[in-house]
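See below for the structure under consideration.
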Amino acid sequence: MFFAHYLDLTRRKLKENAANIITLINLSLGCISIFFTLKGTTDWALIMIFVAALADRLDGMVARKLRIESEIGKQLDSLCDLVSFGVAPATLIYVTSLSALGYTGMFFCIIFIICGGYRLARFNITENHGFFQGLPITAAGCILTFFALFTEIIHTAIFIILTVVLSLAMISSTKIKKM
């Protein structure tokens with residue numbers, strides 16, 4: 001009897017936290033990406049960011065499907081997204097392209113992270129009825145990561161422009177319809 005009760009309690013807790021567990025997987029993948037970047041294994045770093053994006057998509061779907069959306073889940077998702085789609089792509093771009101510019105390259109990467117953090121904070125305190133205000137950090141981070149595939153053939157100046165444009169797009173007031 002005790003075992004059945006314990007098993008039921010565990011199953012219920014797992015269901016209640018399923019989306020948050022997936023969100024933490026997103027965070028873990030973002031951290032792994034950063035470590036791969038620092039080790040010079042940028043191909044794997046890039047893959048980890050894209051897999052994190054899949055986890056980010058999945059956590060929201062699970063939360064809605066199981067009706068377990070919560071305020072802590074929303075905040076946790078934003079914190080994890082800042083790492084996986086802000087810090088990880090900025091680190092990747094810095095190491096693969098912008099490090100040649102020294103502090104200037106750091107500056108543009110930090111601007112990207114700051115704008116992503118601001119965008120997430122604004123998202124968390126506003127009502128979103130069928131649209132996003134500004135480019136979501138997941139999209140911005142994935143676009144920046146995608147272009148990291150081409151660091152050998154794209155000039156560093158293009159990466160500066162891309163980083164600035166994506167940063168401004170995240171904090172813009174442009175409304176983007178949710179899919």
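Identifiers for the structure tokens are assigned positionally: chains receive A, B, ... in sequence, residues are indexed from 1 per chain, and ligands are indexed from 1 in the order shown.
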At most 9 Å is the cut-off: for each residue in range 39-152 of chain A with any atom that close to an atom of range 13-32 of chain A, write down the nearest atom pair and the distance in Å rounded to one decimal, counting only C-alpha atoms, chain first then increasing number, as CSV.
residue,atom,partner,partner_atom,distance
A:Trp44,CA,A:Ile32,CA,8.9
A:Ala45,CA,A:Ile32,CA,7.1
A:Met48,CA,A:Leu29,CA,5.4
A:Ile49,CA,A:Gly30,CA,5.9
A:Val51,CA,A:Leu29,CA,7.3
A:Ala52,CA,A:Asn26,CA,4.6
A:Ala53,CA,A:Asn26,CA,7.3
A:Leu54,CA,A:Asn26,CA,8.2
A:Ala55,CA,A:Asn26,CA,5.4
A:Asp56,CA,A:Asn26,CA,6.1
A:Leu58,CA,A:Ile22,CA,7.3
A:Asp59,CA,A:Ala19,CA,4.6
A:Gly60,CA,A:Ala19,CA,6.9
A:Met61,CA,A:Ala19,CA,8.2
A:Val62,CA,A:Ala19,CA,5.7
A:Ala63,CA,A:Ala19,CA,5.3
A:Leu66,CA,A:Lys15,CA,7.7
A:Arg67,CA,A:Glu16,CA,9.0
A:Ile68,CA,A:Glu16,CA,6.2
A:Glu69,CA,A:Ala19,CA,8.2
A:Ile72,CA,A:Asn20,CA,8.8
A:Gly73,CA,A:Asn20,CA,6.0
A:Leu76,CA,A:Thr23,CA,7.3
A:Asp77,CA,A:Thr23,CA,5.9
A:Leu79,CA,A:Leu27,CA,8.3
A:Cys80,CA,A:Leu27,CA,4.8
A:Asp81,CA,A:Leu27,CA,7.1
A:Leu82,CA,A:Leu27,CA,8.8
A:Val83,CA,A:Gly30,CA,6.0
A:Ser84,CA,A:Gly30,CA,3.9
A:Phe85,CA,A:Gly30,CA,7.4
A:Val87,CA,A:Gly30,CA,8.1
A:Ala88,CA,A:Gly30,CA,5.8
A:Pro89,CA,A:Gly30,CA,8.8
At a cut-off of 10 Å, using only C-alpha atoms, what residues contact Ala169 in chain A? Leave out same-chain residues fewer than 2 positions from it and give the result as an NGL selection string.
:A and (115-116 or 119 or 133-137 or 140 or 163-167 or 171-174)
What is the CA of Ala121 in chain A to CA of Gly141 in chain A distance in Å?
16.3 Å
With only C-alpha atoms as the basis for distance, which of A:Phe107, A:Ser78, A:Ala90, A:Ile160 is at the shortest distance from Ile125 in chain A?
A:Ser78
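Among the residues of chain A, backbone DSSP assigns strand (DSSP E or B) to Phe131, Phe132, Gln133, Lys175, Ile176 and Lys177 of chain A.
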In Å, with one decimal, what is the gap from CA of Thr37 in chain A to CA of Phe123 in chain A?
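These atoms are spaced 28.5 Å apart.
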Which residues in range 5-172 of chain A does DSSP call alpha helix (DSSP H)? List them as a VMD selection string.
chain A and resid 5 to 16 18 to 39 42 to 66 71 to 82 88 to 96 103 to 125 137 to 147 156 to 171
